[in-house]
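input_8.tsv (TSV, C-alpha atoms and all ligand atoms)
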```tsv
chain	number	residue	atom	x	y	z
A	191	MET	CA	-4.29	23.91	-20.62
A	192	ARG	CA	-3.64	20.23	-19.76
A	193	PRO	CA	-4.29	19.69	-16.05
A	194	ILE	CA	-2.02	18.23	-13.43
A	195	ILE	CA	-4.10	15.56	-11.69
A	196	VAL	CA	-3.18	15.04	-8.04
A	197	ILE	CA	-4.30	11.68	-6.63
A	198	ALA	CA	-4.14	12.09	-2.87
A	199	ASN	CA	-4.32	9.59	-0.03
A	200	PRO	CA	-5.74	11.66	2.87
A	201	ILE	CA	-4.77	9.07	5.48
A	202	ALA	CA	-1.07	8.80	4.51
A	203	GLY	CA	1.58	9.92	7.01
A	204	ARG	CA	0.67	12.74	9.39
A	205	ARG	CA	-1.24	16.02	8.92
A	206	CYS	CA	-1.79	14.89	5.34
A	207	PRO	CA	-5.03	16.76	4.45
A	208	GLN	CA	-3.60	20.21	5.34
A	209	ARG	CA	-0.34	19.49	3.56
A	210	ILE	CA	-2.21	18.36	0.41
A	211	GLU	CA	-4.18	21.63	0.40
A	212	GLN	CA	-1.05	23.74	0.93
A	213	SER	CA	0.80	21.93	-1.86
A	214	VAL	CA	-2.09	22.23	-4.32
A	215	ALA	CA	-2.34	25.96	-3.55
A	216	ALA	CA	1.42	26.28	-4.20
A	217	LEU	CA	1.09	24.45	-7.54
A	218	ARG	CA	-1.76	26.79	-8.57
A	219	ARG	CA	0.30	29.83	-7.59
A	220	ARG	CA	2.86	28.63	-10.15
A	221	GLY	CA	0.15	28.85	-12.81
A	222	ALA	CA	-0.74	25.16	-13.11
A	223	LYS	CA	-4.30	23.94	-13.62
A	224	VAL	CA	-4.68	21.36	-10.85
A	225	ASP	CA	-7.44	18.83	-10.18
A	226	VAL	CA	-7.34	16.89	-6.89
A	227	TRP	CA	-8.90	13.46	-6.57
A	228	TYR	CA	-8.95	11.74	-3.16
A	229	THR	CA	-8.66	8.02	-2.56
A	230	GLN	CA	-11.19	6.46	-0.21
A	231	ARG	CA	-9.77	2.99	0.15
A	232	ARG	CA	-6.90	0.72	-0.88
A	233	GLY	CA	-6.95	0.22	-4.67
A	234	ASP	CA	-8.42	3.65	-5.48
A	235	GLY	CA	-5.02	5.03	-6.55
A	236	LEU	CA	-4.89	2.63	-9.51
A	237	MET	CA	-8.56	3.08	-10.40
A	238	LEU	CA	-8.36	6.91	-10.28
A	239	CYS	CA	-5.14	6.88	-12.30
A	240	GLN	CA	-6.84	4.82	-15.02
A	241	GLN	CA	-9.69	7.36	-15.06
A	242	ALA	CA	-7.21	10.24	-15.19
A	243	MET	CA	-5.81	8.96	-18.50
A	244	ALA	CA	-9.02	10.10	-20.25
A	245	GLN	CA	-8.09	13.74	-19.45
A	246	ASN	CA	-4.63	13.44	-21.07
A	247	PRO	CA	-3.06	15.20	-18.06
A	248	ARG	CA	0.27	17.01	-18.15
A	249	ALA	CA	1.29	14.85	-15.16
A	250	VAL	CA	-0.27	12.63	-12.53
A	251	VAL	CA	0.97	13.47	-9.03
A	252	ALA	CA	0.88	10.89	-6.24
A	253	ALA	CA	0.27	12.69	-2.94
A	254	GLY	CA	0.92	10.19	-0.18
A	255	GLY	CA	3.38	7.46	0.62
A	256	ASP	CA	5.09	4.69	-1.30
A	257	GLY	CA	1.92	2.54	-1.29
A	258	THR	CA	-0.01	5.28	-3.09
A	259	ILE	CA	2.86	5.79	-5.55
A	260	ASN	CA	2.85	2.04	-6.25
A	261	GLU	CA	-0.85	2.04	-7.12
A	262	ILE	CA	-0.37	5.00	-9.44
A	263	ILE	CA	2.63	3.57	-11.30
A	264	ASN	CA	0.52	0.51	-12.01
A	265	GLY	CA	-1.86	2.85	-13.85
A	266	LEU	CA	0.86	4.93	-15.56
A	267	ALA	CA	3.24	2.17	-16.74
A	268	GLY	CA	3.59	2.18	-20.51
A	269	THR	CA	2.04	5.65	-20.97
A	270	ALA	CA	3.94	8.85	-21.72
A	271	ILE	CA	2.25	10.73	-18.84
A	272	PRO	CA	4.87	11.60	-16.20
A	273	LEU	CA	4.64	10.80	-12.50
A	274	GLY	CA	5.20	13.59	-9.98
A	275	ILE	CA	5.14	13.07	-6.23
A	276	LEU	CA	4.22	14.97	-3.10
A	277	PRO	CA	5.95	12.85	-0.43
A	278	LEU	CA	3.38	12.82	2.37
A	279	GLY	CA	3.75	9.24	3.58
A	280	THR	CA	5.46	7.66	6.55
A	281	ALA	CA	8.72	6.40	5.02
A	282	ASN	CA	8.84	8.19	1.62
A	283	VAL	CA	11.53	5.88	0.24
A	284	PHE	CA	10.98	6.80	-3.42
A	285	ALA	CA	11.36	10.50	-2.59
A	286	ARG	CA	14.80	9.75	-1.11
A	287	GLU	CA	15.73	7.68	-4.16
A	288	ILE	CA	15.19	10.65	-6.47
A	289	GLY	CA	16.88	13.13	-4.13
A	290	LEU	CA	13.85	14.85	-2.60
A	291	SER	CA	13.76	15.74	1.08
A	292	SER	CA	10.50	16.02	3.01
A	293	ASN	CA	10.42	19.73	2.08
A	294	LEU	CA	7.32	20.02	-0.12
A	295	GLU	CA	8.63	23.12	-1.94
A	296	GLU	CA	11.32	20.92	-3.52
A	297	ALA	CA	8.70	18.41	-4.65
A	298	ILE	CA	6.56	21.19	-6.14
A	299	ALA	CA	9.58	22.57	-8.02
A	300	ALA	CA	10.29	19.07	-9.38
A	301	ILE	CA	6.69	18.76	-10.62
A	302	CYS	CA	6.73	22.17	-12.35
A	303	ASP	CA	10.33	22.52	-13.54
A	304	GLY	CA	11.89	19.11	-12.91
A	305	ARG	CA	13.71	16.78	-15.26
A	306	ALA	CA	11.66	14.03	-16.93
A	307	GLN	CA	13.43	10.67	-16.82
A	308	ARG	CA	12.35	7.38	-18.36
A	309	VAL	CA	12.82	4.54	-15.84
A	310	HIS	CA	12.45	0.77	-15.83
A	311	LEU	CA	9.98	-0.89	-13.48
A	312	GLY	CA	10.06	-4.29	-11.83
A	313	VAL	CA	7.17	-6.74	-11.99
A	314	ALA	CA	6.28	-9.05	-9.08
A	315	GLY	CA	3.60	-11.51	-10.19
A	316	ASN	CA	1.23	-9.20	-12.04
A	317	ARG	CA	2.14	-6.03	-10.15
A	318	HIS	CA	4.66	-3.33	-11.11
A	319	PHE	CA	7.07	-2.00	-8.49
A	320	LEU	CA	9.46	0.92	-8.39
A	321	LEU	CA	11.41	0.35	-5.18
A	322	MET	CA	11.73	-3.30	-4.23
A	323	ALA	CA	9.97	-6.58	-3.62
A	324	GLY	CA	10.86	-8.85	-0.72
A	325	VAL	CA	10.25	-12.29	0.76
A	326	GLY	CA	11.29	-13.43	4.25
A	327	PHE	CA	11.99	-11.08	7.15
A	328	ASP	CA	10.86	-7.82	5.53
A	329	ALA	CA	7.64	-9.26	4.08
A	330	GLN	CA	6.85	-10.75	7.52
A	331	VAL	CA	7.25	-7.31	9.10
A	332	VAL	CA	4.91	-5.72	6.54
A	333	TYR	CA	2.48	-8.65	6.95
A	334	LYS	CA	2.40	-8.36	10.76
A	335	LEU	CA	2.42	-4.54	10.92
A	336	ASP	CA	-0.64	-3.21	12.74
A	337	LEU	CA	-1.98	-0.27	10.72
A	338	GLY	CA	-3.34	1.44	13.86
A	339	LEU	CA	0.15	1.26	15.39
A	340	LYS	CA	1.67	2.65	12.15
A	341	LYS	CA	-0.76	5.59	12.24
A	342	MET	CA	0.11	6.27	15.87
A	343	LEU	CA	3.89	5.69	15.88
A	344	GLY	CA	4.96	6.14	12.25
A	345	LYS	CA	8.36	4.57	11.48
A	346	LEU	CA	8.71	3.35	15.08
A	347	ALA	CA	5.88	0.87	14.38
A	348	TYR	CA	8.16	-0.85	11.81
A	349	VAL	CA	10.96	-1.04	14.38
A	350	LEU	CA	8.68	-2.60	17.03
A	351	THR	CA	7.17	-5.06	14.55
A	352	GLY	CA	10.69	-5.84	13.30
A	353	LEU	CA	11.77	-6.72	16.86
A	354	ARG	CA	8.74	-8.99	17.19
A	355	VAL	CA	9.60	-10.80	13.95
A	356	LEU	CA	13.27	-10.99	15.01
A	357	LEU	CA	12.25	-13.00	18.07
A	358	ALA	CA	10.43	-15.52	15.82
A	359	PRO	CA	12.26	-15.13	12.51
A	360	PRO	CA	10.99	-16.84	9.32
A	361	SER	CA	12.62	-20.26	9.00
A	362	GLN	CA	11.32	-21.53	5.66
A	363	GLN	CA	14.02	-21.99	3.08
A	364	LEU	CA	13.46	-20.27	-0.25
A	365	GLU	CA	14.57	-21.55	-3.62
A	366	ILE	CA	15.53	-18.68	-5.87
A	367	GLU	CA	16.05	-19.30	-9.56
A	368	VAL	CA	18.03	-16.38	-10.99
A	369	ASP	CA	18.54	-16.32	-14.76
A	370	GLY	CA	18.88	-20.14	-14.72
A	371	GLU	CA	21.04	-20.43	-11.53
A	372	ILE	CA	19.36	-22.01	-8.45
A	373	LEU	CA	20.23	-20.45	-5.07
A	374	THR	CA	18.80	-20.95	-1.58
A	375	GLY	CA	18.28	-18.57	1.31
A	376	TYR	CA	15.83	-17.43	3.97
A	377	GLY	CA	15.20	-13.96	2.66
A	378	VAL	CA	15.53	-12.08	-0.60
A	379	ILE	CA	15.21	-8.43	-1.52
A	380	ILE	CA	14.65	-7.76	-5.20
A	381	GLY	CA	15.57	-4.13	-5.74
A	382	LYS	CA	14.75	-1.77	-8.56
A	383	SER	CA	15.91	1.23	-6.51
A	384	ARG	CA	18.86	1.54	-4.15
A	385	HIS	CA	17.00	2.91	-1.14
A	386	TYR	CA	15.19	0.57	1.16
A	387	GLY	CA	14.01	2.32	4.33
A	388	GLY	CA	15.25	5.65	5.62
A	389	ASP	CA	18.68	6.20	4.09
A	390	PHE	CA	19.53	2.48	4.08
A	391	LYS	CA	20.40	0.88	0.77
A	392	ALA	CA	19.74	-2.88	0.56
A	393	THR	CA	20.50	-3.08	-3.18
A	394	PRO	CA	23.12	-0.32	-3.51
A	395	LEU	CA	24.05	-1.18	-7.11
A	396	ALA	CA	20.48	-0.91	-8.44
A	397	GLY	CA	19.31	1.93	-10.66
A	398	LEU	CA	15.87	2.97	-11.85
A	399	GLU	CA	17.43	3.76	-15.23
A	400	LEU	CA	18.81	0.19	-15.58
A	401	PRO	CA	16.76	-2.60	-17.25
A	402	GLU	CA	17.70	-5.11	-14.53
A	403	LEU	CA	16.79	-6.33	-11.05
A	404	ASP	CA	19.28	-6.47	-8.17
A	405	LEU	CA	18.83	-9.46	-5.87
A	406	CYS	CA	20.23	-9.51	-2.35
A	407	ILE	CA	19.90	-13.01	-0.88
A	408	PHE	CA	20.29	-13.73	2.84
A	409	ARG	CA	21.42	-17.32	3.18
A	410	ARG	CA	20.98	-18.07	6.89
A	411	HIS	CA	18.14	-17.78	9.38
A	412	GLY	CA	17.89	-17.15	13.10
A	413	LEU	CA	18.30	-14.20	15.42
A	414	LEU	CA	22.09	-13.79	15.10
A	415	PRO	CA	22.42	-13.89	11.29
A	416	LEU	CA	19.42	-11.58	10.91
A	417	THR	CA	20.88	-9.12	13.41
A	418	ARG	CA	24.14	-9.14	11.44
A	419	TYR	CA	22.27	-8.56	8.17
A	420	ILE	CA	20.31	-5.63	9.61
A	421	ALA	CA	23.43	-4.10	11.18
A	422	GLY	CA	25.29	-4.67	7.88
A	423	ILE	CA	22.61	-2.85	5.86
A	424	ALA	CA	22.56	-0.02	8.44
A	425	ARG	CA	26.37	0.36	8.08
A	426	GLY	CA	26.34	-0.12	4.30
A	427	ARG	CA	28.58	-3.23	4.70
A	428	HIS	CA	26.18	-6.16	4.18
A	429	LEU	CA	27.61	-7.08	0.77
A	430	GLU	CA	30.88	-7.98	2.53
A	431	LEU	CA	29.18	-10.74	4.57
A	432	PRO	CA	30.01	-14.26	3.32
A	433	ASP	CA	26.40	-15.45	3.68
A	434	VAL	CA	24.91	-12.60	1.62
A	435	LEU	CA	24.73	-13.11	-2.15
A	436	TYR	CA	24.18	-10.34	-4.68
A	437	ARG	CA	23.05	-10.92	-8.25
A	438	LYS	CA	21.96	-8.77	-11.16
A	439	ALA	CA	19.29	-10.40	-13.29
A	440	THR	CA	16.40	-9.76	-15.64
A	441	GLN	CA	14.26	-12.56	-14.27
A	442	ALA	CA	13.93	-14.52	-11.01
A	443	TYR	CA	11.51	-17.12	-9.70
A	444	VAL	CA	11.06	-17.65	-5.95
A	445	ARG	CA	9.37	-20.70	-4.45
A	446	CYS	CA	9.06	-22.30	-1.03
A	447	ALA	CA	7.24	-25.19	0.68
A	448	LEU	CA	4.82	-22.63	2.19
A	449	PRO	CA	2.92	-19.85	0.35
A	450	LEU	CA	4.85	-17.07	2.14
A	451	PRO	CA	3.70	-13.46	1.69
A	452	VAL	CA	5.51	-11.18	-0.78
A	453	GLN	CA	5.82	-7.42	-0.30
A	454	ALA	CA	6.31	-4.91	-3.10
A	455	ASP	CA	6.97	-1.21	-2.41
A	456	GLY	CA	5.99	-1.83	1.23
A	457	ASP	CA	2.62	-3.53	0.79
A	458	ILE	CA	1.74	-7.25	0.67
A	459	ILE	CA	0.86	-8.01	-2.94
A	460	GLY	CA	0.59	-11.81	-3.03
A	461	ARG	CA	2.18	-15.08	-2.02
A	462	LEU	CA	4.84	-17.48	-3.27
A	463	PRO	CA	5.54	-18.95	-5.72
A	464	MET	CA	6.13	-15.78	-7.74
A	465	GLU	CA	8.05	-14.63	-10.78
A	466	PHE	CA	9.96	-11.32	-10.80
A	467	THR	CA	10.93	-9.62	-14.04
A	468	VAL	CA	11.79	-6.25	-15.56
A	469	ALA	CA	8.67	-4.69	-17.07
A	470	ARG	CA	8.43	-4.27	-20.83
A	471	GLU	CA	6.62	-0.97	-20.22
A	472	SER	CA	8.62	1.95	-18.83
A	473	LEU	CA	7.55	4.98	-16.81
A	474	THR	CA	8.43	8.67	-16.94
A	475	ILE	CA	9.18	10.30	-13.59
A	476	LEU	CA	9.67	13.96	-12.71
A	477	ARG	CA	12.75	14.43	-10.54
A	478	PRO	CA	14.57	17.50	-9.26
A	479	ALA	CA	16.32	19.37	-12.09
B	1	LIG	N1	-8.42	6.65	1.70
B	1	LIG	C1	-7.79	5.53	2.06
B	1	LIG	N2	-8.19	4.80	3.13
B	1	LIG	C2	-7.50	3.70	3.53
B	1	LIG	N3	-6.39	3.22	2.88
B	1	LIG	C3	-5.96	3.90	1.80
B	1	LIG	C4	-6.64	5.07	1.34
B	1	LIG	N4	-5.98	5.54	0.24
B	1	LIG	C5	-4.95	4.70	0.04
B	1	LIG	N5	-4.94	3.71	0.97
B	1	LIG	C6	-3.92	2.65	1.15
B	1	LIG	O1	-3.10	3.02	2.24
B	1	LIG	C7	-1.83	2.39	2.10
B	1	LIG	C8	-0.72	3.23	2.71
B	1	LIG	O2	-0.72	4.50	2.12
B	1	LIG	P1	0.59	5.30	1.73
B	1	LIG	O3	1.65	4.39	1.29
B	1	LIG	O4	0.17	6.39	0.80
B	1	LIG	O5	1.02	6.04	3.08
B	1	LIG	P2	1.99	5.61	4.23
B	1	LIG	O6	1.81	4.15	4.50
B	1	LIG	O7	1.79	6.56	5.34
B	1	LIG	O8	3.43	5.91	3.62
B	1	LIG	P3	4.67	4.96	3.22
B	1	LIG	O9	4.14	3.89	2.32
B	1	LIG	O10	5.63	5.88	2.53
B	1	LIG	O11	5.20	4.42	4.50
B	1	LIG	C9	-1.66	2.19	0.60
B	1	LIG	O12	-1.38	0.84	0.36
B	1	LIG	C10	-2.99	2.57	-0.03
B	1	LIG	O13	-3.48	1.59	-0.92
```
Transcribe the structure of this file into structure tokens.
Ligand SMILES: Nc1ncnc2c1ncn2[C@@H]1O[C@H](COP(=O)(O)OP(=O)(O)OP(=O)(O)O)[C@@H](O)[C@H]1O
Amino acid sequence: MRPIIVIANPIAGRRCPQRIEQSVAALRRRGAKVDVWYTQRRGDGLMLCQQAMAQNPRAVVAAGGDGTINEIINGLAGTAIPLGILPLGTANVFAREIGLSSNLEEAIAAICDGRAQRVHLGVAGNRHFLLMAGVGFDAQVVYKLDLGLKKMLGKLAYVLTGLRVLLAPPSQQLEIEVDGEILTGYGVIIGKSRHYGGDFKATPLAGLELPELDLCIFRRHGLLPLTRYIAGIARGRHLELPDVLYRKATQAYVRCALPLPVQADGDIIGRLPMEFTVARESLTILRPA
């Protein structure tokens, strides 16, 4: 029997080790052969996923948050091995995108009896992403986030760090070349998925099944415009703001006078300048039936 290989980040979210054990036991009760491999540090998710390929698993399951999922998709892209998830992280944005709640029974059902769907990935520099990449306010928040605070406060740590960045917002203008058109702004979110954080949707017209990127460009900087943008996203009305631009594209290039940090799927993955494209390789995901 081909195994399901679970790659688990034991420090993701809260009470992760017990919840991994409970989920693996539930998968075995459904008759699956399950191997569990634990990450020990950042980067292990990708390395373990590459090793897992030698076993020709039935599926690779990411047990953890969106950062762990991101490492694993970078190992799975272009293969026919499907990705399952056990959403055990702090924000679990990808789980929301595919319609999973934090109830692990639903995730286990999706792994065992879910629907396989081929999806398109984004590429930021040399890294694949499934949710979004960002430069400006959101990347500054990820960059400044204290991991100890995140462990202690969970999502509240993002809110507090966000308030800190709001008081000294990024003020470097970006030049964004989108399929040949040159635009400027102070922040850009390059979405592959609709969901952004919680139930908010920064790129509401995006779709994992679509071979395109959705760019949401914030044209002004400062406390007031940023507050309007955040409130607009929270109310699902930001696309109505005159200083927010939305573009669909297959390729974008972002540059700036400073080498600003870039986040992808919630982790800092490099600095500007950077090219963003749709990956040639696709990925199979297991989602609720
Ligand atoms: N054993 C480990 N020790 C330290 N860091 C790890 C370990 N395993 C994975 N990581 C790193 O921890 C980071 C965060 O993990 P992950 O995204 O799984 O959880 P989270 O941050 O709680 O959830 P979310 O991303 O959904 O908010 C990832 O970027 C990953 O590379």
Computed interatomic separation between CA of Ala439 in chain A and CA of Leu403 in chain A (Å): 5.3 Å
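In this comparison, which uses all atoms listed in the file, the residue of A:Phe466, A:Tyr419, A:Phe284, A:Phe408 approaching Ala442 in chain A most closely is A:Phe466.
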Residues at most 10 Å from Arg410 in chain A, counting only C-alpha atoms, excluding those fewer than 4 positions away in the same chain, as JSON, numbers by chain? {"A": [361, 363, 374, 375, 376, 377, 414, 415, 416, 419, 433, 434]}
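Using all atoms listed in the file, the smallest distance between any of A:Gly460, A:Gly315, A:Gly387, A:Gly289 and ligand LIG 1 (chain B) comes from A:Gly387.
Using all atoms listed in the file, we find that the residues with an atom at most 6 Å from any atom of ligand LIG 1 (chain B) are Asn199, Pro200, Ile201, Ala202, Gly203, Thr229, Gln230, Arg231, Arg232, Gly233, Gly254, Gly255, Asp256, Gly257, Thr258, Gly279, Thr280, Ala281, Asn282 and Asp457 of chain A.
Atom to atom, CA of Leu335 in chain A and CA of Ile263 in chain A stand 23.7 Å apart.
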What lies within 10 Å of range 216-219 of chain A using only C-alpha atoms, ignoring chain neighbours under 3 positions off, as a PyMOL selection string? chain A and resi 194+210-213+222-225+294-295+298-299+301-302
Residues near range 236-246 of chain A, cut-off 8 Å, all atoms listed in the file, skip fewer than 6 positions along chain, as a list in words: Arg192, Pro193, Ile195, Ile197, Trp227, Thr229, Glu261, Ile262, Ile263, Asn264, Gly265, Leu266 and Ile271 of chain A
Output for the residues just chosen: C-alpha atoms as a short mmCIF file (atom, residue, chain, number, x, y, z; two decimals), in the coordinates of the input:
```cif
data_model
loop_
_atom_site.label_atom_id
_atom_site.label_comp_id
_atom_site.auth_asym_id
_atom_site.auth_seq_id
_atom_site.Cartn_x
_atom_site.Cartn_y
_atom_site.Cartn_z
CA ARG A 192 -3.64 20.23 -19.76
CA PRO A 193 -4.29 19.69 -16.05
CA ILE A 195 -4.10 15.56 -11.69
CA ILE A 197 -4.30 11.68 -6.63
CA TRP A 227 -8.90 13.46 -6.57
CA THR A 229 -8.66 8.02 -2.56
CA GLU A 261 -0.85 2.04 -7.12
CA ILE A 262 -0.37 5.00 -9.44
CA ILE A 263 2.63 3.57 -11.30
CA ASN A 264 0.52 0.51 -12.01
CA GLY A 265 -1.86 2.85 -13.85
CA LEU A 266 0.86 4.93 -15.56
CA ILE A 271 2.25 10.73 -18.84
#
```
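Nearest to Pro360 in chain A of all the residues A:Ile458, A:Val331, A:Ala249, A:Ala314 is A:Val331, based on all atoms listed in the file.
CA of Ser383 in chain A to CA of Ala447 in chain A spans 28.7 Å [interatomic distance, one decimal].
Each of A:Pro451, A:Gly324, A:Gly370, A:Gly274 was compared to Thr393 in chain A using all atoms listed in the file, and A:Gly324 turns out to be the nearest.
The residue that comes closest to Gly388 in chain A, out of A:Glu296, A:Asp455, A:Glu287, A:Asp234 and on the basis of only C-alpha atoms, is A:Glu287.
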